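Visitor: What follows is protein-v1.cif, mmCIF, C-alpha atoms.
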data_coords
#
loop_
_atom_site.label_atom_id
_atom_site.label_comp_id
_atom_site.auth_asym_id
_atom_site.auth_seq_id
_atom_site.Cartn_x
_atom_site.Cartn_y
_atom_site.Cartn_z
CA MET A 1 -20.48 15.94 -6.67
CA ILE A 2 -19.98 18.23 -3.67
CA PRO A 3 -17.16 20.80 -3.54
CA LEU A 4 -14.93 20.56 -0.49
CA SER A 5 -15.99 24.04 0.60
CA VAL A 6 -19.53 22.80 1.29
CA ALA A 7 -18.64 19.34 2.58
CA LEU A 8 -19.69 20.55 6.03
CA LEU A 9 -23.29 20.14 4.92
CA LEU A 10 -22.86 16.39 4.68
CA GLY A 11 -23.29 16.13 8.43
CA ALA A 12 -26.91 17.17 7.97
CA VAL A 13 -27.70 14.93 4.99
CA GLY A 14 -30.75 12.79 5.63
CA CYS A 15 -31.41 9.23 4.53
CA LYS A 16 -33.28 10.40 1.44
CA ALA A 17 -30.06 11.90 0.06
CA LEU A 18 -28.25 8.58 0.23
CA LYS A 19 -27.94 6.25 -2.74
CA GLN A 20 -28.73 2.69 -1.73
CA VAL A 21 -26.58 0.03 -3.43
CA GLY A 22 -27.15 -3.47 -2.12
CA LYS A 23 -27.23 -3.17 1.66
CA HIS A 24 -24.93 -0.12 1.90
CA SER A 25 -25.91 3.53 1.75
CA PHE A 26 -23.45 5.70 -0.16
CA VAL A 27 -23.04 9.39 0.64
CA PRO A 28 -22.22 11.83 -2.18
CA GLY A 29 -18.56 12.34 -2.92
CA VAL A 30 -16.60 15.50 -2.14
CA TRP A 31 -14.67 17.21 -4.94
CA ALA A 32 -11.36 18.86 -3.96
CA PRO A 33 -11.03 22.01 -6.11
CA GLN A 34 -7.34 22.25 -5.19
CA PRO A 35 -4.88 19.40 -4.43
CA ILE A 36 -4.88 18.57 -0.72
CA VAL A 37 -1.44 18.86 0.87
CA ILE A 38 -0.55 15.72 2.82
CA ASP A 39 1.28 17.27 5.76
CA GLY A 40 -0.53 16.02 8.87
CA ALA A 41 -2.43 19.31 9.15
CA ASN A 42 -6.09 19.63 8.27
CA GLU A 43 -6.47 23.19 7.02
CA ASP A 44 -7.37 21.74 3.61
CA TRP A 45 -10.38 19.88 5.04
CA ALA A 46 -13.83 21.07 6.07
CA SER A 47 -14.13 21.63 9.82
CA PRO A 48 -15.54 19.84 11.68
CA TYR A 49 -15.05 16.60 9.78
CA PRO A 50 -18.42 15.49 8.37
CA ASN A 51 -18.18 11.89 9.67
CA PHE A 52 -17.77 10.79 13.28
CA ASP A 53 -17.82 7.37 14.92
CA SER A 54 -18.87 7.89 18.54
CA LYS A 55 -17.72 4.42 19.58
CA THR A 56 -14.12 4.71 18.40
CA HIS A 57 -13.96 8.51 18.72
CA LEU A 58 -12.64 8.78 15.16
CA ALA A 59 -13.63 11.68 12.91
CA TYR A 60 -12.93 11.06 9.25
CA ALA A 61 -13.44 12.41 5.74
CA THR A 62 -12.67 11.62 2.11
CA ALA A 63 -12.38 13.72 -1.03
CA ASN A 64 -11.06 13.35 -4.55
CA ASP A 65 -10.00 15.28 -7.59
CA ALA A 66 -9.34 13.84 -11.02
CA GLN A 67 -6.00 12.33 -10.04
CA TYR A 68 -6.11 11.34 -6.35
CA LEU A 69 -8.28 9.90 -3.61
CA TYR A 70 -7.69 11.82 -0.37
CA ILE A 71 -8.36 10.29 3.06
CA THR A 72 -8.10 11.78 6.53
CA MET A 73 -8.79 10.69 10.12
CA MET A 74 -8.63 12.73 13.31
CA THR A 75 -9.15 11.98 16.99
CA GLY A 76 -8.77 14.06 20.12
CA ASP A 77 -9.39 11.13 22.49
CA GLU A 78 -6.19 10.05 24.23
CA LEU A 79 -7.08 6.37 24.44
CA ALA A 80 -8.06 6.31 20.76
CA GLN A 81 -4.78 8.01 19.87
CA ALA A 82 -2.84 5.48 21.91
CA LYS A 83 -4.68 2.61 20.24
CA VAL A 84 -3.90 3.92 16.76
CA LEU A 85 -0.22 4.37 17.59
CA GLN A 86 0.38 1.18 19.52
CA GLY A 87 -1.96 -1.23 17.76
CA GLY A 88 -1.46 0.24 14.31
CA MET A 89 -4.07 1.23 11.72
CA HIS A 90 -5.03 -0.35 8.40
CA VAL A 91 -6.85 1.85 5.92
CA ILE A 92 -8.62 -0.48 3.49
CA ILE A 93 -9.97 0.70 0.14
CA ASP A 94 -12.54 -1.28 -1.83
CA THR A 95 -13.16 0.16 -5.29
CA SER A 96 -16.31 -1.95 -5.65
CA GLY A 97 -17.87 -0.21 -2.65
CA GLY A 98 -17.95 -3.38 -0.59
CA LYS A 99 -16.13 -4.68 2.47
CA ASN A 100 -13.22 -6.57 0.93
CA ALA A 101 -9.58 -5.58 1.18
CA PRO A 102 -7.95 -5.33 -2.27
CA PHE A 103 -5.93 -2.24 -1.29
CA THR A 104 -4.46 -1.58 2.16
CA VAL A 105 -2.21 1.08 3.63
CA GLN A 106 -0.91 0.30 7.11
CA TYR A 107 0.28 3.38 8.97
CA PRO A 108 1.28 3.58 11.70
CA MET A 109 2.64 0.07 12.04
CA GLU A 110 1.85 -2.05 15.08
CA ASN A 111 4.39 -1.26 17.76
CA ASP A 112 4.13 -2.97 21.14
CA ASN A 113 7.31 -1.18 22.22
CA SER A 114 6.15 2.35 21.44
CA GLY A 115 6.46 3.40 25.08
CA ILE A 116 2.73 3.93 25.55
CA ASP A 117 1.47 2.49 28.83
CA VAL A 118 -2.21 2.61 29.70
CA THR A 119 -2.15 0.00 32.47
CA SER A 120 -2.08 2.70 35.15
CA TYR A 121 -4.34 5.05 33.21
CA LEU A 122 -7.51 4.54 35.25
CA SER A 123 -5.72 4.65 38.60
CA LEU A 124 -4.44 8.20 38.03
CA PRO A 125 -6.37 11.43 38.68
CA SER A 126 -7.80 12.88 35.47
CA PRO A 127 -5.23 15.73 35.03
CA MET A 128 -2.33 13.30 35.55
CA ARG A 129 -3.82 10.83 33.05
CA LYS A 130 -3.82 13.44 30.32
CA THR A 131 -0.30 14.72 31.06
CA GLN A 132 1.30 11.28 31.24
CA LEU A 133 -0.45 9.73 28.25
CA VAL A 134 -0.14 12.79 26.01
CA GLN A 135 3.62 12.87 26.34
CA GLN A 136 3.83 9.18 25.47
CA ILE A 137 1.59 9.75 22.46
CA VAL A 138 3.67 12.67 21.17
CA ASP A 139 6.84 10.59 21.49
CA ALA A 140 5.21 7.66 19.66
CA ILE A 141 4.14 9.89 16.75
CA ASP A 142 7.77 10.91 16.23
CA LYS A 143 8.79 7.23 16.11
CA ALA A 144 6.07 6.19 13.64
CA ASN A 145 8.13 6.37 10.45
CA GLN A 146 7.19 3.18 8.61
CA VAL A 147 4.29 2.56 6.21
CA THR A 148 3.32 -0.64 4.39
CA ALA A 149 1.31 -0.88 1.17
CA VAL A 150 -0.51 -4.06 0.10
CA GLY A 151 -2.33 -4.74 -3.17
CA PHE A 152 -0.91 -1.80 -5.13
CA ALA A 153 0.88 -2.84 -8.33
CA GLY A 154 4.52 -1.82 -8.20
CA CYS A 155 4.19 -0.50 -4.68
CA GLU A 156 4.10 -3.53 -2.39
CA GLY A 157 6.12 -3.51 0.81
CA GLY A 158 7.47 -1.11 3.40
CA TYR A 159 8.52 2.49 2.95
CA MET A 160 9.53 5.53 4.97
CA ALA A 161 6.43 7.50 5.91
CA GLN A 162 8.17 10.86 5.45
CA LYS A 163 8.69 10.26 1.74
CA THR A 164 6.33 9.88 -1.20
CA MET A 165 6.36 6.26 -2.35
CA PRO A 166 7.64 5.51 -5.88
CA CYS A 167 4.05 4.83 -6.97
CA GLY A 168 2.82 8.17 -5.66
CA ILE A 169 1.17 7.18 -2.37
CA GLN A 170 1.81 9.70 0.37
CA VAL A 171 0.91 9.56 4.08
CA SER A 172 1.42 11.87 7.03
CA MET A 173 0.47 11.94 10.69
CA LYS A 174 1.02 14.74 13.20
CA TRP A 175 -0.04 16.12 16.55
CA SER A 176 -2.01 19.36 16.28
CA SER A 177 -1.97 22.44 18.47
CA TYR A 178 -5.43 21.34 19.66
CA LYS A 179 -3.98 18.02 20.91
CA GLU A 180 -5.52 16.02 18.10
CA LEU A 181 -3.94 13.20 16.14
CA ILE A 182 -4.38 13.96 12.44
CA TRP A 183 -3.78 11.32 9.74
CA GLU A 184 -3.79 11.99 6.00
CA ALA A 185 -3.13 10.06 2.80
CA LYS A 186 -3.47 10.45 -0.94
CA ILE A 187 -3.74 7.51 -3.33
CA PRO A 188 -3.29 7.93 -7.11
CA PHE A 189 -6.22 6.69 -9.16
CA GLN A 190 -3.65 5.06 -11.42
CA LEU A 191 -3.19 2.46 -8.67
CA LEU A 192 -6.89 2.00 -7.96
CA TYR A 193 -8.38 2.04 -11.44
CA GLY A 194 -5.45 1.87 -13.85
CA THR A 195 -6.03 5.37 -15.18
CA PRO A 196 -4.02 8.50 -14.28
CA MET A 197 -7.09 10.74 -14.42
CA ILE A 198 -10.72 9.88 -13.87
CA ASN A 199 -13.40 11.33 -16.14
CA ALA A 200 -17.15 11.90 -16.02
CA SER A 201 -17.82 8.16 -16.30
CA PHE A 202 -16.47 7.76 -12.74
CA ALA A 203 -18.95 10.22 -11.25
CA ARG A 204 -21.00 8.57 -8.47
CA LYS A 205 -18.97 5.36 -8.71
CA PRO A 206 -19.31 3.57 -5.32
CA ILE A 207 -16.18 3.12 -3.22
CA SER A 208 -15.54 2.36 0.45
CA VAL A 209 -12.85 3.01 3.04
CA CYS A 210 -12.44 1.04 6.26
CA TYR A 211 -10.33 2.24 9.19
CA TYR A 212 -9.30 -0.96 10.93
CA LEU A 213 -7.63 -0.82 14.34
CA LYS A 214 -6.29 -4.16 15.46
CA GLY A 215 -6.40 -3.44 19.16
CA VAL A 216 -3.57 -3.64 21.64
CA LYS A 217 -2.52 -6.87 23.33
CA ALA A 218 -4.04 -6.88 26.78
CA PRO A 219 -1.78 -7.52 29.77
CA LYS A 220 -2.38 -10.75 31.66
CA GLY A 221 -5.62 -10.61 33.59
CA ALA A 222 -7.05 -7.64 31.71
CA ALA A 223 -10.46 -7.95 30.10
CA ALA A 224 -10.38 -8.01 26.33
CA THR A 225 -13.13 -8.72 23.84
CA ASN A 226 -12.25 -9.61 20.24
CA ASN A 227 -8.68 -8.58 21.02
CA THR A 228 -6.72 -9.86 18.08
CA GLY A 229 -9.29 -9.58 15.30
CA SER A 230 -8.04 -10.19 11.78
CA LEU A 231 -7.62 -8.12 8.66
CA SER A 232 -9.53 -10.66 6.60
CA ASN A 233 -12.38 -10.30 9.09
CA ALA A 234 -12.34 -6.52 8.97
CA ALA A 235 -15.78 -6.48 7.38
CA GLY A 236 -17.76 -7.04 10.59
CA ASN A 237 -21.15 -5.34 10.60
CA VAL A 238 -22.00 -1.88 9.38
CA GLY A 239 -23.87 0.94 11.05
CA MET A 240 -26.19 3.48 9.46
CA GLY A 241 -25.41 4.86 6.03
CA GLY A 242 -21.90 5.86 5.08
CA GLN A 243 -21.56 8.52 7.74
CA SER A 244 -20.49 6.50 10.74
CA GLY A 245 -19.87 2.80 10.44
CA LEU A 246 -20.19 0.18 13.12
CA THR A 247 -17.17 -0.77 15.15
CA ALA A 248 -16.80 -4.27 16.49
CA GLY A 249 -15.44 -4.82 19.99
CA MET A 250 -16.31 -1.28 21.12
CA GLN A 251 -19.61 -2.06 22.84
CA PRO A 252 -20.35 -0.55 26.27
CA SER A 253 -18.42 -2.34 28.99
CA SER A 254 -17.66 -2.06 32.68
CA ASN A 255 -13.99 -1.79 31.75
CA PRO A 256 -13.29 1.49 29.88
CA LEU A 257 -10.13 -0.06 28.43
CA ASP A 258 -11.96 -2.90 26.66
CA GLY A 259 -12.19 -0.79 23.53
CA TYR A 260 -8.44 -0.18 23.64
CA TYR A 261 -7.74 -3.91 23.74
CA SER A 262 -10.34 -4.79 21.09
CA ALA A 263 -10.33 -4.69 17.30
CA SER A 264 -12.53 -2.01 15.74
CA ARG A 265 -13.73 -1.13 12.25
CA THR A 266 -15.12 2.14 11.00
CA TYR A 267 -16.53 2.34 7.48
CA LYS A 268 -17.34 5.05 5.01
CA PHE A 269 -19.34 4.16 1.92
CA PHE A 270 -19.37 6.99 -0.59
CA GLU A 271 -19.35 7.92 -4.25
CA LEU A 272 -16.55 9.44 -6.28
CA ALA A 273 -17.10 13.06 -7.20
CA TYR A 274 -16.34 14.55 -10.57
CA MET A 275 -16.35 18.15 -11.73
CA ASP A 276 -15.50 19.08 -15.29
CA LYS A 277 -13.05 21.99 -15.39
CA LYS A 278 -14.44 23.25 -18.70
#
Could you write out this structure as structure tokens?
Guide:
Amino acid sequence: MIPLSVALLLGAVGCKALKQVGKHSFVPGVWAPQPIVIDGANEDWASPYPNFDSKTHLAYATANDAQYLYITMMTGDELAQAKVLQGGMHVIIDTSGGKNAPFTVQYPMENDNSGIDVTSYLSLPSPMRKTQLVQQIVDAIDKANQVTAVGFAGCEGGYMAQKTMPCGIQVSMKWSSYKELIWEAKIPFQLLYGTPMINASFARKPISVCYYLKGVKAPKGAAATNNTGSLSNAAGNVGMGGQSGLTAGMQPSSNPLDGYYSASRTYKFFELAYMDKK
């Protein structure tokens, strides 16, 4: 197990430090010595985030204590932020460490009427792009108040994002002073494994998290590759190790907006951490 205070070192972990299970490489888990506050701020997380997907421009991290799995995602890229807010994001948890979708949290929800418009994005000078799109993004964050849970016993359906769900799931998303979109969630292990507290037998247990972005519906005449995607197809292919997964539909293109219109998947394959308090 790796304490959160030294999680920064994960960015330098080589292939020899990875545990190979099947065809996935699992990075060591990160133990949170103190509960992480789910408030849309990332002061509780190591900086910079140890995992980064250069194709989707998502930085992400996971940690756990004995009671909760903690998940966070951050992006400072305006188009990536707009895609998350308008197309919605599914965070898929597989407690077997694979690429199935037994547990899913969708937040924010897909919202084609969020007020975000990227159709004129490329025609504007760079400073105007940032000003126009950033304001739309900030407004959309304020409107993103719904979360849906799937696969969690006693916690299926839609809820208000500002409140902790009856089963203990909590999510938050905010705009930072550095103009970054920060997403956080905590999931009780009671929901994932049927036990309120994990013990030493869970140490190094493989688990995976997929950040699935559906992609935004392209306007008529716009290029779009793998636009609609599907949650059941969220597996796709996987990149190296557990540090930055492959994203489908984000390949280099002559149209910079293709990635915005296309489905994408980012994976993290890791192990649960455990630290005995005795």
Visitor: Please tell me which residues are no farther than 12 Å from (6.7, -0.7, 3.3) in the file, counting all atoms listed in the file, and write them as JSON, numbers by chain.
Guide: {"A": [104, 105, 106, 107, 108, 109, 145, 146, 147, 148, 149, 150, 151, 152, 154, 155, 156, 157, 158, 159, 160, 161, 162, 163, 164, 165, 166, 167, 169, 170, 171]}
Visitor: Could you spell out the hits of the PyMOL selection byres ((chain A and resi 80-92) around 6) on the shown file, as a JSON list (two decimals) with C-alpha atoms, keeping the file's coordinate frame?
Guide:
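After the write, part.json holds the following:
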[["chain", "number", "residue", "atom", "x", "y", "z"],
["A", 77, "ASP", "CA", -9.39, 11.13, 22.49],
["A", 78, "GLU", "CA", -6.19, 10.05, 24.23],
["A", 79, "LEU", "CA", -7.08, 6.37, 24.44],
["A", 93, "ILE", "CA", -9.97, 0.70, 0.14],
["A", 101, "ALA", "CA", -9.58, -5.58, 1.18],
["A", 103, "PHE", "CA", -5.93, -2.24, -1.29],
["A", 104, "THR", "CA", -4.46, -1.58, 2.16],
["A", 105, "VAL", "CA", -2.21, 1.08, 3.63],
["A", 106, "GLN", "CA", -0.91, 0.30, 7.11],
["A", 107, "TYR", "CA", 0.28, 3.38, 8.97],
["A", 108, "PRO", "CA", 1.28, 3.58, 11.70],
["A", 109, "MET", "CA", 2.64, 0.07, 12.04],
["A", 110, "GLU", "CA", 1.85, -2.05, 15.08],
["A", 111, "ASN", "CA", 4.39, -1.26, 17.76],
["A", 112, "ASP", "CA", 4.13, -2.97, 21.14],
["A", 209, "VAL", "CA", -12.85, 3.01, 3.04],
["A", 210, "CYS", "CA", -12.44, 1.04, 6.26],
["A", 211, "TYR", "CA", -10.33, 2.24, 9.19],
["A", 212, "TYR", "CA", -9.30, -0.96, 10.93],
["A", 213, "LEU", "CA", -7.63, -0.82, 14.34],
["A", 214, "LYS", "CA", -6.29, -4.16, 15.46],
["A", 215, "GLY", "CA", -6.40, -3.44, 19.16],
["A", 216, "VAL", "CA", -3.57, -3.64, 21.64],
["A", 260, "TYR", "CA", -8.44, -0.18, 23.64]]
Visitor: On this structure, which residues satisfy the PyMOL selection byres ((chain A and resi 176-179) around 10), written as a list in words?
Guide: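 Evaluating the PyMOL selection byres ((chain A and resi 176-179) around 10) on these coordinates yields Gly40, Ala41, Asn42, Met74, Thr75, Gly76, Asp77, Glu78, Val134, Val138, Met173, Lys174, Trp175, Glu180, Leu181 and Ile182 of chain A.
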Visitor: Separation of CA of Leu272 in chain A and CA of Trp31 in chain A, in Å?
Guide: 8.1 Å
Visitor: CA of Ile137 in chain A and CA of Thr119 in chain A are how many Å apart?
Guide: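 These atoms are spaced 14.5 Å apart.
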Visitor: Please evaluate the PyMOL selection byres ((chain A and resi 207) around 6) against the displayed coordinates and give the resulting residues as an NGL selection string.
Guide: :A and (94-97 or 206 or 208 or 270-271)
Visitor: Have a look at A:Thr72, A:Gln136, A:Gln34, A:Asn64 and name the one nearest to Asn51 in chain A; count all atoms listed in the file.
Guide: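 The closest residue to Asn51 in chain A is A:Thr72.
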Visitor: Quote the spacing between CA of Gln132 in chain A and CA of Glu43 in chain A in Å to one decimal place.
Guide: 28.1 Å
Visitor: Could you pull out every residue with an atom within 8 Å of (-6.2, 8.3, -8.8), file coordinates, counting all atoms listed in the file, and send them as a list of chain:residue names?
Guide: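 Here the neighbourhood of the point contains A:Ala66, A:Gln67, A:Tyr68, A:Leu69, A:Ile187, A:Pro188, A:Phe189, A:Gln190, A:Leu191, A:Leu192, A:Tyr193, A:Thr195, A:Pro196, A:Met197, A:Ile198.
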Visitor: I'd like the contact shell of Tyr274 in chain A - 10 Å cut-off, all atoms listed in the file, skipping same-chain residues fewer than 4 positions apart - returned as a list in words.
Guide: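 Neighbouring residues, sequence-local ones excluded: Met1, Ile2, Pro3, Gly29, Val30, Trp31, Ala32, Asn64, Asp65, Ala66, Ile198, Asn199, Ala200, Ser201, Phe202, Ala203, Arg204 and Lys205 of chain A.
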Visitor: Would you kindly return, as JSON, numbers by chain, each protein, DNA or RNA residue with an atom no farther than 10 Å from any atom of Val37 in chain A, considering all atoms listed in the file and excluding same-chain residues fewer than 6 positions away?
Guide: {"A": [43, 44, 45, 70, 170, 172, 184, 185, 186]}
Visitor: Any chance you could export the current selection's C-alpha atoms as a JSON list (two decimals), keeping the file's coordinate frame?
Guide:
[["chain", "number", "residue", "atom", "x", "y", "z"],
["A", 43, "GLU", "CA", -6.47, 23.19, 7.02],
["A", 44, "ASP", "CA", -7.37, 21.74, 3.61],
["A", 45, "TRP", "CA", -10.38, 19.88, 5.04],
["A", 70, "TYR", "CA", -7.69, 11.82, -0.37],
["A", 170, "GLN", "CA", 1.81, 9.70, 0.37],
["A", 172, "SER", "CA", 1.42, 11.87, 7.03],
["A", 184, "GLU", "CA", -3.79, 11.99, 6.00],
["A", 185, "ALA", "CA", -3.13, 10.06, 2.80],
["A", 186, "LYS", "CA", -3.47, 10.45, -0.94]]
Visitor: So, with all atoms listed in the file as the atoms that count, which of A:Ala46, A:His57, A:Ile116, A:Phe269 lies closest to Ser25 in chain A?
Guide: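 Closest residue, counting all atoms listed in the file: A:Phe269.
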